[in-house]
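J.: Just final-v8.cif, nothing more (mmCIF, C-alpha atoms):
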```
data_entry
loop_
_atom_site.label_atom_id
_atom_site.label_comp_id
_atom_site.auth_asym_id
_atom_site.auth_seq_id
_atom_site.Cartn_x
_atom_site.Cartn_y
_atom_site.Cartn_z
CA MET A 1 0.00 0.00 0.00
CA THR A 2 1.11 3.54 -0.62
CA GLN A 3 2.80 5.24 2.28
CA SER A 4 2.69 9.02 2.59
CA ALA A 5 4.94 11.30 4.56
CA SER A 6 3.52 13.80 7.00
CA THR A 7 2.84 17.29 5.74
CA ASP A 8 3.40 18.79 9.17
CA ASP A 9 6.05 21.49 9.23
CA ALA A 10 9.52 20.73 10.62
CA PRO A 11 12.62 22.82 11.19
CA ALA A 12 14.86 23.21 8.15
CA GLY A 13 17.26 20.31 7.74
CA ARG A 14 15.25 17.99 9.96
CA ARG A 15 12.86 15.39 8.61
CA ALA A 16 9.20 15.93 9.56
CA ALA A 17 7.73 13.35 11.90
CA ARG A 18 5.25 11.00 10.28
CA VAL A 19 1.71 11.06 11.56
CA ALA A 20 -0.82 8.23 11.67
CA ALA A 21 -4.55 8.15 12.32
CA PHE A 22 -5.58 4.94 14.11
CA PHE A 23 -9.21 3.92 13.72
CA ASP A 24 -11.07 1.24 15.62
CA LEU A 25 -13.44 -0.55 13.23
CA ASP A 26 -16.71 -1.66 14.84
CA LYS A 27 -19.13 1.19 15.66
CA THR A 28 -16.37 3.67 14.79
CA ILE A 29 -16.12 3.14 11.03
CA ILE A 30 -18.88 0.61 10.46
CA ALA A 31 -22.24 0.33 12.17
CA LYS A 32 -21.97 -3.35 13.17
CA SER A 33 -19.53 -5.87 14.56
CA SER A 34 -17.39 -6.82 11.56
CA THR A 35 -17.03 -10.40 12.76
CA LEU A 36 -20.71 -10.98 13.49
CA ALA A 37 -21.73 -9.33 10.22
CA PHE A 38 -20.28 -12.29 8.30
CA SER A 39 -22.27 -14.93 10.20
CA ARG A 40 -24.78 -15.35 7.34
CA PRO A 41 -22.23 -16.03 4.56
CA PHE A 42 -20.31 -18.33 6.90
CA PHE A 43 -23.57 -20.24 7.45
CA ASP A 44 -24.24 -20.38 3.70
CA GLN A 45 -20.80 -21.95 3.19
CA GLY A 46 -21.38 -24.54 5.92
CA LEU A 47 -18.85 -23.10 8.36
CA ILE A 48 -21.41 -22.52 11.13
CA ASN A 49 -24.84 -23.92 11.93
CA ARG A 50 -28.21 -22.19 12.33
CA ARG A 51 -27.87 -22.00 16.10
CA ALA A 52 -24.58 -20.11 15.72
CA VAL A 53 -26.25 -17.65 13.32
CA LEU A 54 -29.01 -16.96 15.85
CA LYS A 55 -26.46 -16.61 18.63
CA SER A 56 -24.47 -14.16 16.50
CA SER A 57 -27.61 -12.15 15.76
CA TYR A 58 -28.38 -11.90 19.46
CA ALA A 59 -24.78 -10.92 20.22
CA GLN A 60 -25.02 -8.23 17.53
CA PHE A 61 -28.19 -6.90 19.14
CA LEU A 62 -26.49 -6.64 22.54
CA PHE A 63 -23.41 -5.11 20.92
CA LEU A 64 -25.47 -2.35 19.32
CA LEU A 65 -27.39 -1.66 22.52
CA SER A 66 -24.56 -1.39 24.99
CA GLY A 67 -21.18 -1.93 23.39
CA ALA A 68 -18.86 -4.68 24.52
CA ASP A 69 -17.12 -4.52 27.89
CA HIS A 70 -14.00 -6.46 28.88
CA ASP A 71 -15.84 -9.61 29.98
CA GLN A 72 -17.97 -9.67 26.84
CA MET A 73 -14.90 -9.24 24.65
CA GLU A 74 -13.16 -12.11 26.41
CA ARG A 75 -16.20 -14.35 25.99
CA MET A 76 -16.44 -13.37 22.33
CA ARG A 77 -12.74 -14.18 21.83
CA ALA A 78 -13.12 -17.61 23.41
CA HIS A 79 -16.33 -18.33 21.48
CA ILE A 80 -14.88 -17.36 18.10
CA ALA A 81 -11.62 -19.24 18.72
CA SER A 82 -13.54 -22.40 19.59
CA MET A 83 -16.02 -21.99 16.73
CA THR A 84 -13.31 -21.62 14.07
CA ALA A 85 -11.36 -24.74 15.02
CA GLY A 86 -10.99 -26.84 11.88
CA TRP A 87 -11.99 -24.12 9.43
CA ASP A 88 -9.99 -23.87 6.23
CA VAL A 89 -8.15 -20.54 6.12
CA GLU A 90 -8.42 -20.09 2.36
CA GLN A 91 -12.15 -20.84 2.44
CA VAL A 92 -12.68 -18.12 5.04
CA ARG A 93 -10.69 -15.63 2.96
CA ALA A 94 -12.66 -16.57 -0.15
CA VAL A 95 -16.02 -16.10 1.62
CA VAL A 96 -14.95 -12.68 2.90
CA ALA A 97 -13.66 -11.62 -0.53
CA GLU A 98 -16.86 -12.73 -2.29
CA THR A 99 -19.24 -11.05 0.14
CA LEU A 100 -17.19 -8.06 1.30
CA HIS A 101 -18.98 -5.40 -0.73
CA ASP A 102 -22.47 -6.73 -0.02
CA ILE A 103 -21.82 -7.03 3.73
CA VAL A 104 -19.64 -4.01 4.49
CA ASP A 105 -20.50 -1.53 1.76
CA PRO A 106 -23.81 -0.36 3.32
CA LEU A 107 -22.40 -0.17 6.86
CA VAL A 108 -19.68 2.48 6.57
CA PHE A 109 -20.46 5.74 8.35
CA ALA A 110 -20.30 8.67 5.92
CA GLU A 111 -18.67 10.76 8.65
CA ALA A 112 -15.92 8.16 9.08
CA ALA A 113 -15.30 7.99 5.33
CA ASP A 114 -14.97 11.78 5.22
CA LEU A 115 -12.60 11.78 8.18
CA ILE A 116 -10.41 9.09 6.61
CA ALA A 117 -10.27 11.09 3.38
CA ASP A 118 -9.33 14.20 5.32
CA HIS A 119 -6.45 12.48 7.10
CA LYS A 120 -5.20 11.19 3.75
CA LEU A 121 -5.32 14.72 2.34
CA ARG A 122 -3.21 15.91 5.25
CA GLY A 123 -0.55 13.32 4.47
CA HIS A 124 -1.37 11.07 7.43
CA ASP A 125 -1.23 7.30 7.19
CA VAL A 126 -4.54 5.66 8.08
CA VAL A 127 -4.41 2.50 10.19
CA ILE A 128 -7.37 0.26 11.06
CA VAL A 129 -6.99 -1.38 14.49
CA SER A 130 -9.50 -4.08 15.43
CA ALA A 131 -10.01 -7.07 17.70
CA SER A 132 -11.69 -8.86 14.79
CA GLY A 133 -9.72 -11.39 12.76
CA ASP A 134 -7.15 -10.29 10.22
CA GLU A 135 -8.95 -12.26 7.48
CA ILE A 136 -11.86 -9.84 7.89
CA VAL A 137 -10.10 -6.64 8.93
CA HIS A 138 -7.43 -6.53 6.23
CA PRO A 139 -9.87 -6.64 3.26
CA ILE A 140 -12.08 -4.00 4.91
CA ALA A 141 -9.02 -1.79 5.46
CA GLU A 142 -8.11 -2.10 1.79
CA LEU A 143 -11.69 -1.25 0.81
CA LEU A 144 -11.45 1.92 2.89
CA GLY A 145 -8.09 2.92 1.44
CA ALA A 146 -6.20 2.47 4.72
CA ASP A 147 -2.42 2.21 4.62
CA HIS A 148 -2.16 -0.52 7.24
CA SER A 149 -4.30 -2.73 9.45
CA MET A 150 -3.71 -4.47 12.78
CA ALA A 151 -6.00 -7.28 13.88
CA THR A 152 -6.32 -10.50 15.84
CA THR A 153 -4.49 -13.47 14.33
CA MET A 154 -5.25 -17.15 14.89
CA VAL A 155 -2.91 -20.12 15.09
CA THR A 156 -3.06 -22.28 11.97
CA VAL A 157 -1.66 -25.70 11.17
CA ASP A 158 -1.66 -27.11 7.63
CA GLY A 159 -3.94 -24.32 6.45
CA LYS A 160 -6.57 -24.78 9.15
CA TYR A 161 -7.40 -22.94 12.35
CA ILE A 162 -6.83 -24.97 15.51
CA GLY A 163 -8.97 -22.89 17.85
CA LYS A 164 -6.19 -20.87 19.47
CA VAL A 165 -5.41 -17.15 19.32
CA ASP A 166 -1.90 -16.16 18.26
CA PHE A 167 -2.27 -12.40 18.91
CA TYR A 168 -5.33 -10.73 20.40
CA CYS A 169 -5.51 -7.15 19.13
CA TYR A 170 -7.40 -5.84 22.12
CA GLY A 171 -6.73 -3.50 25.07
CA GLU A 172 -3.02 -3.17 25.71
CA GLY A 173 -2.45 -5.50 22.77
CA LYS A 174 -3.56 -2.70 20.46
CA VAL A 175 -0.98 -0.40 22.02
CA ASP A 176 1.74 -3.02 21.53
CA ALA A 177 0.77 -3.27 17.85
CA MET A 178 0.69 0.52 17.50
CA ASN A 179 4.15 0.86 19.04
CA SER A 180 5.52 -1.82 16.75
CA LEU A 181 4.03 -0.19 13.67
CA ALA A 182 5.27 3.23 14.80
CA ALA A 183 8.80 1.87 15.09
CA GLN A 184 8.60 0.35 11.61
CA HIS A 185 7.22 3.46 9.91
CA ASP A 186 8.66 6.24 12.04
CA TYR A 187 5.33 7.51 13.37
CA ASP A 188 5.33 10.13 16.10
CA LEU A 189 2.52 8.91 18.33
CA THR A 190 2.42 12.20 20.23
CA SER A 191 1.40 13.88 16.95
CA SER A 192 -0.90 11.05 15.85
CA TYR A 193 -4.65 10.50 16.17
CA ALA A 194 -6.89 7.70 17.46
CA TYR A 195 -10.63 7.11 17.25
CA SER A 196 -12.72 4.52 19.12
CA ASP A 197 -16.15 3.88 20.62
CA SER A 198 -15.24 1.58 23.53
CA ILE A 199 -13.96 1.98 27.07
CA THR A 200 -11.75 -1.05 26.37
CA ASP A 201 -9.80 1.14 23.92
CA VAL A 202 -8.72 3.74 26.48
CA PRO A 203 -5.12 2.42 26.26
CA MET A 204 -5.20 2.96 22.49
CA LEU A 205 -6.58 6.48 22.89
CA ARG A 206 -4.06 7.39 25.58
CA ALA A 207 -1.20 6.23 23.35
CA VAL A 208 -1.58 9.19 20.96
CA GLY A 209 -1.53 12.95 21.24
CA HIS A 210 -4.95 13.44 19.64
CA PRO A 211 -7.54 10.95 20.97
CA THR A 212 -11.22 11.17 20.06
CA ALA A 213 -14.21 9.17 21.27
CA VAL A 214 -16.63 8.21 18.49
CA ASN A 215 -20.12 6.95 19.34
CA PRO A 216 -18.77 6.21 22.83
CA ASP A 217 -20.33 3.74 25.21
CA ARG A 218 -21.38 5.17 28.56
CA ALA A 219 -18.07 4.44 30.29
CA LEU A 220 -15.97 5.94 27.50
CA ARG A 221 -18.20 9.01 27.31
CA LYS A 222 -17.56 9.62 31.01
CA GLU A 223 -13.83 9.00 30.59
CA ALA A 224 -13.60 11.30 27.56
CA ALA A 225 -15.46 14.07 29.37
CA SER A 226 -13.14 13.82 32.38
CA ARG A 227 -10.05 13.97 30.15
CA GLY A 228 -11.35 16.69 27.85
CA TRP A 229 -11.24 14.45 24.78
CA PRO A 230 -13.45 15.40 21.81
CA ILE A 231 -16.58 13.31 21.31
CA LEU A 232 -18.05 12.66 17.86
CA THR A 233 -21.33 11.10 16.82
CA PHE A 234 -21.38 9.16 13.55
CA SER A 235 -24.91 8.17 12.58
CA ASN A 236 -25.18 8.02 8.81
CA PRO A 237 -24.22 4.66 7.25
CA VAL A 238 -24.12 5.00 3.48
CA SER A 239 -23.20 2.82 0.56
CA LEU A 240 -19.62 3.34 -0.54
CA ARG A 241 -20.75 2.58 -4.08
CA SER A 242 -22.96 5.65 -3.97
CA ARG A 243 -19.91 7.73 -3.04
CA ILE A 244 -17.60 6.24 -5.68
CA GLN A 245 -18.86 7.04 -9.13
CA THR A 246 -16.10 5.39 -11.19
CA PRO A 247 -16.32 1.59 -11.69
CA SER A 248 -12.55 1.13 -11.41
CA GLY A 249 -12.65 0.04 -7.78
CA LYS A 250 -10.82 3.04 -6.41
CA THR A 251 -10.95 3.28 -2.64
CA VAL A 252 -13.16 5.78 -0.89
CA ALA A 253 -10.15 7.71 0.38
CA ALA A 254 -8.66 8.20 -3.07
CA SER A 255 -12.01 9.03 -4.64
CA ALA A 256 -12.98 11.51 -1.96
CA ALA A 257 -9.56 13.15 -2.07
CA ALA A 258 -9.93 13.77 -5.80
CA GLY A 259 -13.03 15.80 -5.09
CA PHE A 260 -11.46 18.18 -2.60
CA SER A 261 -8.94 20.95 -2.95
CA ALA A 262 -5.74 20.46 -0.98
CA LEU A 263 -6.43 23.86 0.54
CA ALA A 264 -9.35 22.31 2.41
CA ALA A 265 -7.16 19.78 4.23
CA GLY A 266 -7.98 19.84 7.91
CA ALA A 267 -11.35 21.53 7.49
CA ILE A 268 -13.39 18.36 8.01
CA THR A 269 -11.43 17.36 11.10
CA TYR A 270 -11.73 20.85 12.54
CA GLY A 271 -15.47 20.93 11.97
CA LEU A 272 -16.06 17.48 13.39
CA LEU A 273 -13.96 18.00 16.47
CA ARG A 274 -15.91 21.14 17.36
CA ARG A 275 -19.07 19.06 17.64
CA LYS A 276 -18.58 17.91 21.22
CA ARG A 277 -21.37 16.38 23.25
#
```
Translate this structure into structure tokens?

T.:
Amino acid sequence: MTQSASTDDAPAGRRAARVAAFFDLDKTIIAKSSTLAFSRPFFDQGLINRRAVLKSSYAQFLFLLSGADHDQMERMRAHIASMTAGWDVEQVRAVVAETLHDIVDPLVFAEAADLIADHKLRGHDVVIVSASGDEIVHPIAELLGADHSMATTMVTVDGKYIGKVDFYCYGEGKVDAMNSLAAQHDYDLTSSYAYSDSITDVPMLRAVGHPTAVNPDRALRKEAASRGWPILTFSNPVSLRSRIQTPSGKTVAASAAAGFSALAAGAITYGLLRRKR
């Protein structure tokens, strides 16, 4: 993926620090749990049974109502790890690739798409950080025009999952992944941005100089208010296809950027961040 240097000013003779914008995925960029959203195509391909689909639907309902706390996230991790034991990795990737646009396309918040485009205009790398599996997160990140993604990875043997988690991209694990990526790409985290909806992502938000709560659960809203963090409300899921007029498959970030003048860089972020609640 294309990597862009920061446009922030730096003293003459010294290289400008690179800036990244880290986005949580579920309820920050898309309106549903990315993992649970694929329960139907997984059922159609025989990977899960009808009871698992119903259980996923109920979990999605609870997720939308209250967000996921630490205990719920741990139970979800254990459930998904157990459920995927024996699945063929390539089959999962194929299912996600075939259904990605139909599943994810209508779920992306317009406000998130605009904010991603704005960060790209400003020369910031966009990074998707999610506790969902890499097989789901990475294709969604590419669809959104992100530069990188960090996600949960599962242990595989002979091309099949064995029901164990290799790396859980959650809580402090997200910070570890952010620090590793920052070291690889020379990001200055004190100049970087982070966006999330969940109290479980406070470590991620604290790791950067510009944290923002998006559609926060009750606990994060209270935490953000006490720390003086901006709070945004994203409420308008739209079809990416309706925003991308060319049939060439360009990402939303590239397409949106083509429609703006570079002189407007930063205007969307400024306007959004003034809308505190």

J.: Measuring atom to atom with only C-alpha atoms, identify which of A:Val108, A:Ala117, A:Val96, A:Leu240 is nearest to Arg40 of chain A.

T.: A:Val96

J.: Counting only C-alpha atoms, which residues of segment 88-115 of chain A fall within 8 Å of segment 214-237 of chain A, and what is the closest atom pair for each with its distance in Å at one decimal, ordered by chain and rising number, as a Markdown table?

T.:
```
| residue | atom | partner | partner_atom | distance |
| --- | --- | --- | --- | --- |
| A:Pro106 | CA | A:Pro237 | CA | 6.4 |
| A:Leu107 | CA | A:Pro237 | CA | 5.2 |
| A:Val108 | CA | A:Pro237 | CA | 5.1 |
| A:Phe109 | CA | A:Pro237 | CA | 4.1 |
| A:Ala110 | CA | A:Asn236 | CA | 5.7 |
| A:Glu111 | CA | A:Phe234 | CA | 5.8 |
| A:Ala112 | CA | A:Phe234 | CA | 7.1 |
```

J.: Between atom CA of Leu143 of chain A and atom CA of Ser196 of chain A, what is the distance in Å, rounded to a tenth?

T.: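 Result for atom CA of Leu143 of chain A versus atom CA of Ser196 of chain A: 19.2 Å, one decimal.
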
J.: Can you spell out as an NGL selection string the set of residues that the PyMOL selection byres ((chain A and resi 192) around 9) selects in the structure I just provided?

T.: :A and (18-22 or 124 or 187-191 or 193-194 or 207-211)

J.: Which residue gives the smallest distance to Tyr170 of chain A among A:Leu25, A:Ile30, A:Ala94, A:Ala182, with all atoms listed in the file counted?

T.: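 Using all atoms listed in the file, the shortest distance to Tyr170 of chain A belongs to A:Leu25.
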
J.: Of the residues A:Gln91, A:Ser130, A:Gln45, A:Thr84, which is the one nearest to Ser33 of chain A, using all atoms listed in the file?

T.: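 For Ser33 of chain A, the nearest of the given residues is A:Ser130.
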
J.: Starting from 8 Å padding per side, set up an axis-aligned box that covers all listed atoms of segment 225-231 of chain A and hand over centre and edge lengths in Å, one decimal, as lines of an AutoDock Vina configuration file.

T.:
```
center_x = -13.3
center_y = 15.0
center_z = 26.8
size_x = 22.5
size_y = 19.4
size_z = 27.1
```

J.: Which is closest to Ile140 of chain A among A:Asp44, A:Asp176, A:Asp88, A:Asp105, if we use only C-alpha atoms?

T.: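 Comparing A:Asp44, A:Asp176, A:Asp88, A:Asp105 against Ile140 of chain A, the winner is A:Asp105.
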